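protein29.cif follows; it contains mmCIF, N, CA and C atoms (P, O5', C5', C4', C3', O3' and C1' of nucleotides).
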```cif
data_data
#
loop_
_atom_site.group_PDB
_atom_site.id
_atom_site.type_symbol
_atom_site.label_atom_id
_atom_site.label_comp_id
_atom_site.auth_asym_id
_atom_site.auth_seq_id
_atom_site.Cartn_x
_atom_site.Cartn_y
_atom_site.Cartn_z
ATOM 1 N N MET Z 1 -23.251 22.466 54.591
ATOM 2 C CA MET Z 1 -22.389 21.678 53.712
ATOM 3 C C MET Z 1 -22.728 20.191 53.839
ATOM 4 N N PRO Z 2 -22.505 19.484 52.780
ATOM 5 C CA PRO Z 2 -22.805 18.052 52.808
ATOM 6 C C PRO Z 2 -21.838 17.319 53.720
ATOM 7 N N VAL Z 3 -22.378 16.427 54.461
ATOM 8 C CA VAL Z 3 -21.568 15.623 55.377
ATOM 9 C C VAL Z 3 -21.819 14.158 55.054
ATOM 10 N N ASN Z 4 -20.754 13.395 54.948
ATOM 11 C CA ASN Z 4 -20.934 11.965 54.690
ATOM 12 C C ASN Z 4 -20.491 11.148 55.892
ATOM 13 N N LEU Z 5 -20.670 9.865 55.770
ATOM 14 C CA LEU Z 5 -20.420 8.982 56.903
ATOM 15 C C LEU Z 5 -18.960 8.968 57.300
ATOM 16 N N GLN Z 6 -18.079 9.194 56.366
ATOM 17 C CA GLN Z 6 -16.644 9.172 56.667
ATOM 18 C C GLN Z 6 -16.301 10.307 57.625
ATOM 19 N N ASP Z 7 -17.022 11.416 57.474
ATOM 20 C CA ASP Z 7 -16.789 12.549 58.368
ATOM 21 C C ASP Z 7 -17.155 12.173 59.801
ATOM 22 N N TYR Z 8 -18.272 11.462 59.943
ATOM 23 C CA TYR Z 8 -18.686 11.017 61.268
ATOM 24 C C TYR Z 8 -17.645 10.067 61.852
ATOM 25 N N GLN Z 9 -17.048 9.275 60.990
ATOM 26 C CA GLN Z 9 -16.038 8.296 61.430
ATOM 27 C C GLN Z 9 -14.847 8.993 62.067
ATOM 28 N N LYS Z 10 -14.471 10.151 61.557
ATOM 29 C CA LYS Z 10 -13.238 10.784 62.008
ATOM 30 C C LYS Z 10 -13.410 11.555 63.306
ATOM 31 N N LYS Z 11 -14.594 12.108 63.518
ATOM 32 C CA LYS Z 11 -14.806 12.910 64.729
ATOM 33 C C LYS Z 11 -14.969 12.036 65.970
ATOM 34 N N GLU Z 12 -14.873 12.705 67.103
ATOM 35 C CA GLU Z 12 -15.103 12.012 68.370
ATOM 36 C C GLU Z 12 -16.405 12.513 68.979
ATOM 37 N N TYR Z 13 -17.035 11.640 69.734
ATOM 38 C CA TYR Z 13 -18.331 11.985 70.318
ATOM 39 C C TYR Z 13 -18.359 11.614 71.786
ATOM 40 N N ASP Z 14 -19.130 12.391 72.525
ATOM 41 C CA ASP Z 14 -19.309 12.094 73.951
ATOM 42 C C ASP Z 14 -20.309 10.966 74.106
ATOM 43 N N VAL Z 15 -19.858 9.894 74.672
ATOM 44 C CA VAL Z 15 -20.735 8.756 74.921
ATOM 45 C C VAL Z 15 -20.654 8.380 76.392
ATOM 46 N N GLU Z 16 -21.759 7.891 76.912
ATOM 47 C CA GLU Z 16 -21.815 7.489 78.316
ATOM 48 C C GLU Z 16 -21.384 6.044 78.465
ATOM 49 N N CYS Z 17 -20.228 5.889 79.108
ATOM 50 C CA CYS Z 17 -19.716 4.556 79.352
ATOM 51 C C CYS Z 17 -19.589 4.366 80.862
ATOM 52 N N ASP Z 18 -20.352 3.412 81.386
ATOM 53 C CA ASP Z 18 -20.167 3.071 82.787
ATOM 54 C C ASP Z 18 -20.386 4.299 83.666
ATOM 55 N N GLY Z 19 -21.360 5.135 83.288
ATOM 56 C CA GLY Z 19 -21.658 6.327 84.057
ATOM 57 C C GLY Z 19 -20.664 7.453 83.882
ATOM 58 N N ARG Z 20 -19.748 7.255 82.964
ATOM 59 C CA ARG Z 20 -18.695 8.235 82.677
ATOM 60 C C ARG Z 20 -18.824 8.726 81.253
ATOM 61 N N THR Z 21 -18.815 10.036 81.058
ATOM 62 C CA THR Z 21 -18.849 10.565 79.695
ATOM 63 C C THR Z 21 -17.449 10.553 79.101
ATOM 64 N N THR Z 22 -17.317 9.840 78.009
ATOM 65 C CA THR Z 22 -16.019 9.659 77.358
ATOM 66 C C THR Z 22 -16.085 10.082 75.904
ATOM 67 N N LYS Z 23 -15.023 10.640 75.397
ATOM 68 C CA LYS Z 23 -14.962 10.993 73.973
ATOM 69 C C LYS Z 23 -14.373 9.828 73.200
ATOM 70 N N LEU Z 24 -15.156 9.329 72.251
ATOM 71 C CA LEU Z 24 -14.711 8.166 71.478
ATOM 72 C C LEU Z 24 -14.981 8.347 69.992
ATOM 73 N N LYS Z 25 -14.154 7.702 69.180
ATOM 74 C CA LYS Z 25 -14.435 7.630 67.744
ATOM 75 C C LYS Z 25 -15.283 6.393 67.503
ATOM 76 N N PRO Z 26 -16.253 6.524 66.640
ATOM 77 C CA PRO Z 26 -17.105 5.369 66.339
ATOM 78 C C PRO Z 26 -16.340 4.284 65.592
ATOM 79 N N ILE Z 27 -16.615 3.038 65.971
ATOM 80 C CA ILE Z 27 -16.066 1.892 65.262
ATOM 81 C C ILE Z 27 -16.668 1.836 63.872
ATOM 82 N N LYS Z 28 -17.965 2.176 63.815
ATOM 83 C CA LYS Z 28 -18.724 2.072 62.566
ATOM 84 C C LYS Z 28 -19.863 3.073 62.613
ATOM 85 N N VAL Z 29 -20.212 3.630 61.482
ATOM 86 C CA VAL Z 29 -21.365 4.521 61.404
ATOM 87 C C VAL Z 29 -22.255 4.134 60.238
ATOM 88 N N TRP Z 30 -23.552 4.329 60.385
ATOM 89 C CA TRP Z 30 -24.500 4.069 59.303
ATOM 90 C C TRP Z 30 -25.751 4.891 59.545
ATOM 91 N N THR Z 31 -26.545 4.986 58.514
ATOM 92 C CA THR Z 31 -27.800 5.719 58.654
ATOM 93 C C THR Z 31 -28.915 4.743 58.993
ATOM 94 N N LEU Z 32 -29.804 5.210 59.828
ATOM 95 C CA LEU Z 32 -30.956 4.421 60.246
ATOM 96 C C LEU Z 32 -32.195 5.249 59.957
ATOM 97 N N ALA Z 33 -32.881 4.907 58.886
ATOM 98 C CA ALA Z 33 -34.032 5.697 58.479
ATOM 99 C C ALA Z 33 -35.031 4.831 57.724
ATOM 100 N N PRO Z 34 -36.296 4.907 58.120
ATOM 101 C CA PRO Z 34 -37.343 4.217 57.373
ATOM 102 C C PRO Z 34 -37.470 4.822 55.980
ATOM 103 N N LYS Z 35 -38.013 4.063 55.045
ATOM 104 C CA LYS Z 35 -38.131 4.536 53.659
ATOM 105 C C LYS Z 35 -38.996 5.793 53.577
ATOM 106 N N GLY Z 36 -38.474 6.782 52.900
ATOM 107 C CA GLY Z 36 -39.238 8.001 52.683
ATOM 108 C C GLY Z 36 -39.346 8.911 53.887
ATOM 109 N N ARG Z 37 -38.699 8.576 54.968
ATOM 110 C CA ARG Z 37 -38.750 9.432 56.157
ATOM 111 C C ARG Z 37 -37.351 9.842 56.572
ATOM 112 N N LYS Z 38 -37.293 10.847 57.448
ATOM 113 C CA LYS Z 38 -35.988 11.247 57.936
ATOM 114 C C LYS Z 38 -35.538 10.283 59.014
ATOM 115 N N GLY Z 39 -34.261 10.248 59.213
ATOM 116 C CA GLY Z 39 -33.726 9.308 60.189
ATOM 117 C C GLY Z 39 -32.525 9.867 60.896
ATOM 118 N N VAL Z 40 -31.717 8.997 61.409
ATOM 119 C CA VAL Z 40 -30.564 9.396 62.205
ATOM 120 C C VAL Z 40 -29.318 8.639 61.752
ATOM 121 N N VAL Z 41 -28.185 9.177 62.159
ATOM 122 C CA VAL Z 41 -26.926 8.473 61.939
ATOM 123 C C VAL Z 41 -26.558 7.787 63.239
ATOM 124 N N ILE Z 42 -26.316 6.518 63.152
ATOM 125 C CA ILE Z 42 -25.963 5.741 64.333
ATOM 126 C C ILE Z 42 -24.461 5.484 64.353
ATOM 127 N N GLY Z 43 -23.877 5.677 65.502
ATOM 128 C CA GLY Z 43 -22.474 5.339 65.683
ATOM 129 C C GLY Z 43 -22.345 4.175 66.647
ATOM 130 N N LEU Z 44 -21.414 3.301 66.321
ATOM 131 C CA LEU Z 44 -21.134 2.156 67.188
ATOM 132 C C LEU Z 44 -19.826 2.424 67.924
ATOM 133 N N PHE Z 45 -19.871 2.412 69.249
ATOM 134 C CA PHE Z 45 -18.711 2.772 70.059
ATOM 135 C C PHE Z 45 -18.291 1.642 70.992
ATOM 136 N N LYS Z 46 -17.004 1.549 71.202
ATOM 137 C CA LYS Z 46 -16.436 0.581 72.141
ATOM 138 C C LYS Z 46 -15.969 1.333 73.371
ATOM 139 N N CYS Z 47 -16.651 1.094 74.464
ATOM 140 C CA CYS Z 47 -16.310 1.761 75.721
ATOM 141 C C CYS Z 47 -15.017 1.193 76.306
ATOM 142 N N PRO Z 48 -14.347 1.986 77.162
ATOM 143 C CA PRO Z 48 -13.140 1.502 77.854
ATOM 144 C C PRO Z 48 -13.434 0.265 78.688
ATOM 145 N N ASN Z 49 -14.646 0.186 79.202
ATOM 146 C CA ASN Z 49 -15.023 -0.966 80.014
ATOM 147 C C ASN Z 49 -15.300 -2.210 79.181
ATOM 148 N N GLY Z 50 -15.132 -2.098 77.881
ATOM 149 C CA GLY Z 50 -15.309 -3.255 77.007
ATOM 150 C C GLY Z 50 -16.682 -3.373 76.395
ATOM 151 N N LYS Z 51 -17.627 -2.586 76.906
ATOM 152 C CA LYS Z 51 -18.985 -2.675 76.382
ATOM 153 C C LYS Z 51 -19.114 -1.898 75.074
ATOM 154 N N THR Z 52 -19.942 -2.413 74.196
ATOM 155 C CA THR Z 52 -20.198 -1.748 72.918
ATOM 156 C C THR Z 52 -21.576 -1.114 72.961
ATOM 157 N N ILE Z 53 -21.629 0.149 72.564
ATOM 158 C CA ILE Z 53 -22.904 0.847 72.593
ATOM 159 C C ILE Z 53 -23.154 1.570 71.276
ATOM 160 N N ARG Z 54 -24.435 1.796 70.996
ATOM 161 C CA ARG Z 54 -24.837 2.557 69.814
ATOM 162 C C ARG Z 54 -25.402 3.883 70.263
ATOM 163 N N LYS Z 55 -25.134 4.902 69.457
ATOM 164 C CA LYS Z 55 -25.671 6.212 69.794
ATOM 165 C C LYS Z 55 -25.939 7.003 68.529
ATOM 166 N N SER Z 56 -27.004 7.803 68.577
ATOM 167 C CA SER Z 56 -27.304 8.690 67.463
ATOM 168 C C SER Z 56 -26.328 9.853 67.484
ATOM 169 N N ILE Z 57 -25.670 10.094 66.349
ATOM 170 C CA ILE Z 57 -24.675 11.163 66.287
ATOM 171 C C ILE Z 57 -25.009 12.164 65.191
ATOM 172 N N GLY Z 58 -26.191 12.030 64.600
ATOM 173 C CA GLY Z 58 -26.573 12.988 63.572
ATOM 174 C C GLY Z 58 -27.967 12.719 63.029
ATOM 175 N N LYS Z 59 -28.514 13.723 62.360
ATOM 176 C CA LYS Z 59 -29.813 13.567 61.729
ATOM 177 C C LYS Z 59 -29.671 13.576 60.212
ATOM 178 N N ILE Z 60 -30.559 12.827 59.585
ATOM 179 C CA ILE Z 60 -30.548 12.741 58.121
ATOM 180 C C ILE Z 60 -31.927 13.108 57.580
ATOM 181 N N GLU Z 61 -31.961 13.934 56.536
ATOM 182 C CA GLU Z 61 -33.242 14.246 55.907
ATOM 183 C C GLU Z 61 -33.383 13.451 54.625
ATOM 184 N N PRO Z 62 -34.622 13.130 54.307
ATOM 185 C CA PRO Z 62 -34.875 12.316 53.122
ATOM 186 C C PRO Z 62 -34.481 13.031 51.838
ATOM 187 P P DG X 63 -44.483 -3.645 66.720
ATOM 188 O "O5'" DG X 63 -44.224 -3.069 65.262
ATOM 189 C "C5'" DG X 63 -45.321 -2.896 64.391
ATOM 190 C "C4'" DG X 63 -44.901 -2.061 63.203
ATOM 191 C "C3'" DG X 63 -43.583 -2.489 62.578
ATOM 192 O "O3'" DG X 63 -43.669 -2.279 61.178
ATOM 193 C "C1'" DG X 63 -43.393 -0.259 63.363
ATOM 194 P P DT X 64 -42.690 -3.037 60.229
ATOM 195 O "O5'" DT X 64 -41.677 -1.883 59.783
ATOM 196 C "C5'" DT X 64 -42.169 -0.777 59.043
ATOM 197 C "C4'" DT X 64 -41.148 0.350 59.042
ATOM 198 C "C3'" DT X 64 -39.702 -0.073 58.695
ATOM 199 O "O3'" DT X 64 -39.151 0.889 57.832
ATOM 200 C "C1'" DT X 64 -39.722 1.184 60.639
ATOM 201 P P DA X 65 -39.255 0.813 56.254
ATOM 202 O "O5'" DA X 65 -37.697 0.842 55.850
ATOM 203 C "C5'" DA X 65 -36.787 -0.105 56.394
ATOM 204 C "C4'" DA X 65 -35.603 0.678 56.938
ATOM 205 C "C3'" DA X 65 -34.437 -0.231 57.286
ATOM 206 O "O3'" DA X 65 -33.588 -0.293 56.139
ATOM 207 C "C1'" DA X 65 -34.837 1.421 59.010
ATOM 208 P P DA X 66 -32.581 -1.469 55.990
ATOM 209 O "O5'" DA X 66 -31.380 -1.071 56.961
ATOM 210 C "C5'" DA X 66 -30.659 0.129 56.709
ATOM 211 C "C4'" DA X 66 -29.329 0.107 57.428
ATOM 212 C "C3'" DA X 66 -28.492 -1.132 57.145
ATOM 213 O "O3'" DA X 66 -27.118 -0.737 57.211
ATOM 214 C "C1'" DA X 66 -29.176 -1.130 59.427
ATOM 215 P P DT X 67 -25.993 -1.805 56.914
ATOM 216 O "O5'" DT X 67 -25.491 -2.237 58.359
ATOM 217 C "C5'" DT X 67 -25.016 -1.230 59.250
ATOM 218 C "C4'" DT X 67 -24.853 -1.825 60.620
ATOM 219 C "C3'" DT X 67 -24.181 -3.197 60.645
ATOM 220 O "O3'" DT X 67 -22.834 -3.022 61.033
ATOM 221 C "C1'" DT X 67 -25.954 -2.987 62.227
ATOM 222 P P DT X 68 -21.835 -4.246 61.032
ATOM 223 O "O5'" DT X 68 -21.883 -4.786 62.525
ATOM 224 C "C5'" DT X 68 -21.735 -3.871 63.605
ATOM 225 C "C4'" DT X 68 -22.074 -4.566 64.896
ATOM 226 C "C3'" DT X 68 -21.465 -5.973 65.037
ATOM 227 O "O3'" DT X 68 -21.156 -6.162 66.403
ATOM 228 C "C1'" DT X 68 -23.747 -6.089 65.390
ATOM 229 P P DG X 69 -19.680 -6.659 66.851
ATOM 230 O "O5'" DG X 69 -19.851 -6.694 68.439
ATOM 231 C "C5'" DG X 69 -20.332 -5.510 69.073
ATOM 232 C "C4'" DG X 69 -21.102 -5.840 70.326
ATOM 233 C "C3'" DG X 69 -20.550 -6.999 71.135
ATOM 234 O "O3'" DG X 69 -20.780 -6.696 72.492
ATOM 235 C "C1'" DG X 69 -22.705 -7.554 70.360
ATOM 236 P P DA X 70 -20.164 -7.626 73.639
ATOM 237 O "O5'" DA X 70 -21.426 -8.478 74.103
ATOM 238 C "C5'" DA X 70 -22.642 -7.804 74.397
ATOM 239 C "C4'" DA X 70 -23.743 -8.820 74.616
ATOM 240 C "C3'" DA X 70 -23.298 -10.072 75.367
ATOM 241 O "O3'" DA X 70 -24.271 -10.390 76.335
ATOM 242 C "C1'" DA X 70 -24.363 -10.682 73.370
ATOM 243 P P DT L 71 -32.729 -17.544 63.439
ATOM 244 O "O5'" DT L 71 -33.359 -16.829 64.734
ATOM 245 C "C5'" DT L 71 -33.381 -17.498 65.962
ATOM 246 C "C4'" DT L 71 -33.421 -16.456 67.061
ATOM 247 C "C3'" DT L 71 -34.217 -15.211 66.682
ATOM 248 O "O3'" DT L 71 -34.913 -14.786 67.835
ATOM 249 C "C1'" DT L 71 -32.051 -14.600 67.311
ATOM 250 P P DC L 72 -36.031 -13.610 67.670
ATOM 251 O "O5'" DC L 72 -35.534 -12.607 68.806
ATOM 252 C "C5'" DC L 72 -34.944 -13.154 69.965
ATOM 253 C "C4'" DC L 72 -34.331 -12.067 70.808
ATOM 254 C "C3'" DC L 72 -35.061 -10.728 70.756
ATOM 255 O "O3'" DC L 72 -35.030 -10.174 72.046
ATOM 256 C "C1'" DC L 72 -32.834 -10.436 70.031
ATOM 257 P P DA L 73 -35.775 -8.793 72.403
ATOM 258 O "O5'" DA L 73 -34.539 -7.820 72.685
ATOM 259 C "C5'" DA L 73 -33.563 -8.217 73.643
ATOM 260 C "C4'" DA L 73 -32.543 -7.110 73.825
ATOM 261 C "C3'" DA L 73 -33.127 -5.716 73.969
ATOM 262 O "O3'" DA L 73 -32.305 -4.992 74.852
ATOM 263 C "C1'" DA L 73 -31.832 -5.818 71.984
ATOM 264 P P DA L 74 -32.870 -3.635 75.561
ATOM 265 O "O5'" DA L 74 -32.112 -2.508 74.702
ATOM 266 C "C5'" DA L 74 -30.705 -2.484 74.676
ATOM 267 C "C4'" DA L 74 -30.264 -1.611 73.536
ATOM 268 C "C3'" DA L 74 -31.116 -0.352 73.376
ATOM 269 O "O3'" DA L 74 -30.333 0.782 73.736
ATOM 270 C "C1'" DA L 74 -30.677 -1.404 71.280
ATOM 271 P P DT L 75 -31.040 2.205 74.059
ATOM 272 O "O5'" DT L 75 -30.561 3.102 72.849
ATOM 273 C "C5'" DT L 75 -29.275 2.923 72.283
ATOM 274 C "C4'" DT L 75 -29.295 3.398 70.849
ATOM 275 C "C3'" DT L 75 -30.346 4.458 70.555
ATOM 276 O "O3'" DT L 75 -29.739 5.746 70.607
ATOM 277 C "C1'" DT L 75 -30.098 2.858 68.785
ATOM 278 P P DT L 76 -30.512 7.004 71.230
ATOM 279 O "O5'" DT L 76 -31.444 7.562 70.065
ATOM 280 C "C5'" DT L 76 -30.900 8.491 69.114
ATOM 281 C "C4'" DT L 76 -31.917 8.726 68.020
ATOM 282 C "C3'" DT L 76 -33.123 9.561 68.464
ATOM 283 O "O3'" DT L 76 -33.071 10.760 67.729
ATOM 284 C "C1'" DT L 76 -33.769 7.665 67.159
ATOM 285 P P DA L 77 -34.056 12.022 68.247
ATOM 286 O "O5'" DA L 77 -35.323 11.929 67.278
ATOM 287 C "C5'" DA L 77 -35.118 11.946 65.873
ATOM 288 C "C4'" DA L 77 -36.412 11.608 65.181
ATOM 289 C "C3'" DA L 77 -37.633 12.255 65.832
ATOM 290 O "O3'" DA L 77 -38.615 12.446 64.850
ATOM 291 C "C1'" DA L 77 -37.944 10.010 65.822
ATOM 292 P P DC L 78 -39.168 13.975 64.629
ATOM 293 O "O5'" DC L 78 -39.953 13.702 63.284
ATOM 294 C "C5'" DC L 78 -39.467 12.712 62.369
ATOM 295 C "C4'" DC L 78 -40.502 11.633 62.148
ATOM 296 C "C3'" DC L 78 -41.939 12.122 62.286
ATOM 297 O "O3'" DC L 78 -42.669 11.678 61.191
ATOM 298 C "C1'" DC L 78 -41.675 10.087 63.316
#
```
Would you mind writing the structure in this file as structure tokens?
Amino acid sequence: MPVNLQDYQKKEYDVECDGRTTKLKPIKVWTLAPKGRKGVVIGLFKCPNGKTIRKSIGKIEP
DNA sequence: GTAATTGA
DNA sequence: TCAATTAC
């Protein structure tokens, strides 16, 4: 089924914060893909420790 | 290197 | 302005 960025926004993902795996909702999501090639969906997460990290949370086909 | 995004 | 994110 088709999945859009809003769907990624609502789910939670396991991210490594400060050596601890935490489930977080992404602050922001976008696709990262070179022209004509497949790419990934990047999520931006705010860790409990205050650090902001990016993580791939999905794959995108051209 | 390329792609978009933003914290640092 | 750069690092970092993924995978090709």
Near chain Z, meaning an atom within 8 Å, which residues of chain L appear when counting only C-alpha atoms (C1' of nucleotides)? Write them as a ChimeraX atom specification. /L:74-78
Members of range 3-56 of chain Z assigned strand (DSSP E or B) by DSSP, as a ChimeraX atom specification: /Z:13-17,20-24,28-32,39-46,52-56
Residues of chain X at most 5 Å from chain Z: nearest atom pair and distance in Å, all atoms listed in the file, as CSV:
```
residue,atom,partner,partner_atom,distance
X:DT64,O3',Z:Pro34,CA,3.8
X:DA65,O5',Z:Lys35,N,3.3
X:DA66,C4',Z:Thr31,C,4.9
X:DG69,O3',Z:Thr52,N,4.7
```
Selected residue of minimal separation from Glu61 in chain Z among Z:Leu5, Z:Lys25, Z:Lys11, Z:Gly36, counting only C-alpha atoms: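 When distances to Glu61 in chain Z are compared using only C-alpha atoms, the smallest one comes from Z:Gly36.
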Residues of chain Z in alpha helix (DSSP H), written as a list in words: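 Filtering chain Z to alpha helix (DSSP H) leaves Leu5, Gln6, Asp7, Tyr8, Gln9 and Lys10 of chain Z.
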What are the centre and edge lengths in Å, to one decimal, of the axis-aligned box around all listed atoms of chain X with 3 Å added on each side, as AutoDock Vina command-line options?
```
--center_x -32.5 --center_y -4.6 --center_z 66.1 --size_x 31.6 --size_y 18.1 --size_z 26.5
```
I'd like the interatomic distance between C1' of DA70 in chain X and O5' of DT71 in chain L, to a tenth of an Å. 13.9 Å
Let me make sure I understand: among Z:Phe45, Z:Lys10, Z:Ile60, Z:Asp18, which one has the smallest atom-to-atom distance to DT68 in chain X if we use only C-alpha atoms (C1' of nucleotides)?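 Checking each of Z:Phe45, Z:Lys10, Z:Ile60, Z:Asp18 against DT68 in chain X, counting only C-alpha atoms (C1' of nucleotides), the winner is Z:Phe45.
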From the block you just saw, export range 31-44 of chain Z: N, CA and C atoms, as a short mmCIF file (atom, residue, chain, number, x, y, z; two decimals), in the first residue's frame.
```
data_model
loop_
_atom_site.label_atom_id
_atom_site.label_comp_id
_atom_site.auth_asym_id
_atom_site.auth_seq_id
_atom_site.Cartn_x
_atom_site.Cartn_y
_atom_site.Cartn_z
N THR Z 31 12.10 12.94 2.26
CA THR Z 31 12.80 11.94 1.45
C THR Z 31 14.16 12.48 1.05
N LEU Z 32 15.11 11.58 1.02
CA LEU Z 32 16.47 11.92 0.63
C LEU Z 32 16.87 10.97 -0.49
N ALA Z 33 16.84 11.47 -1.70
CA ALA Z 33 17.12 10.61 -2.85
C ALA Z 33 17.70 11.42 -3.99
N PRO Z 34 18.80 10.94 -4.55
CA PRO Z 34 19.36 11.58 -5.74
C PRO Z 34 18.39 11.44 -6.91
N LYS Z 35 18.50 12.31 -7.90
CA LYS Z 35 17.58 12.28 -9.04
C LYS Z 35 17.67 10.96 -9.79
N GLY Z 36 16.52 10.38 -10.03
CA GLY Z 36 16.48 9.15 -10.81
C GLY Z 36 16.93 7.91 -10.08
N ARG Z 37 17.24 8.02 -8.82
CA ARG Z 37 17.66 6.84 -8.05
C ARG Z 37 16.77 6.65 -6.85
N LYS Z 38 16.87 5.46 -6.25
CA LYS Z 38 16.09 5.23 -5.05
C LYS Z 38 16.77 5.88 -3.87
N GLY Z 39 16.00 6.13 -2.86
CA GLY Z 39 16.56 6.81 -1.70
C GLY Z 39 15.92 6.34 -0.43
N VAL Z 40 15.98 7.16 0.57
CA VAL Z 40 15.49 6.80 1.89
C VAL Z 40 14.62 7.92 2.46
N VAL Z 41 13.86 7.55 3.47
CA VAL Z 41 13.10 8.55 4.21
C VAL Z 41 13.88 8.86 5.48
N ILE Z 42 14.13 10.11 5.69
CA ILE Z 42 14.88 10.53 6.87
C ILE Z 42 13.93 11.10 7.91
N GLY Z 43 14.13 10.69 9.13
CA GLY Z 43 13.37 11.26 10.24
C GLY Z 43 14.29 12.06 11.14
N LEU Z 44 13.77 13.17 11.60
CA LEU Z 44 14.52 14.02 12.53
C LEU Z 44 13.93 13.83 13.92
#
```
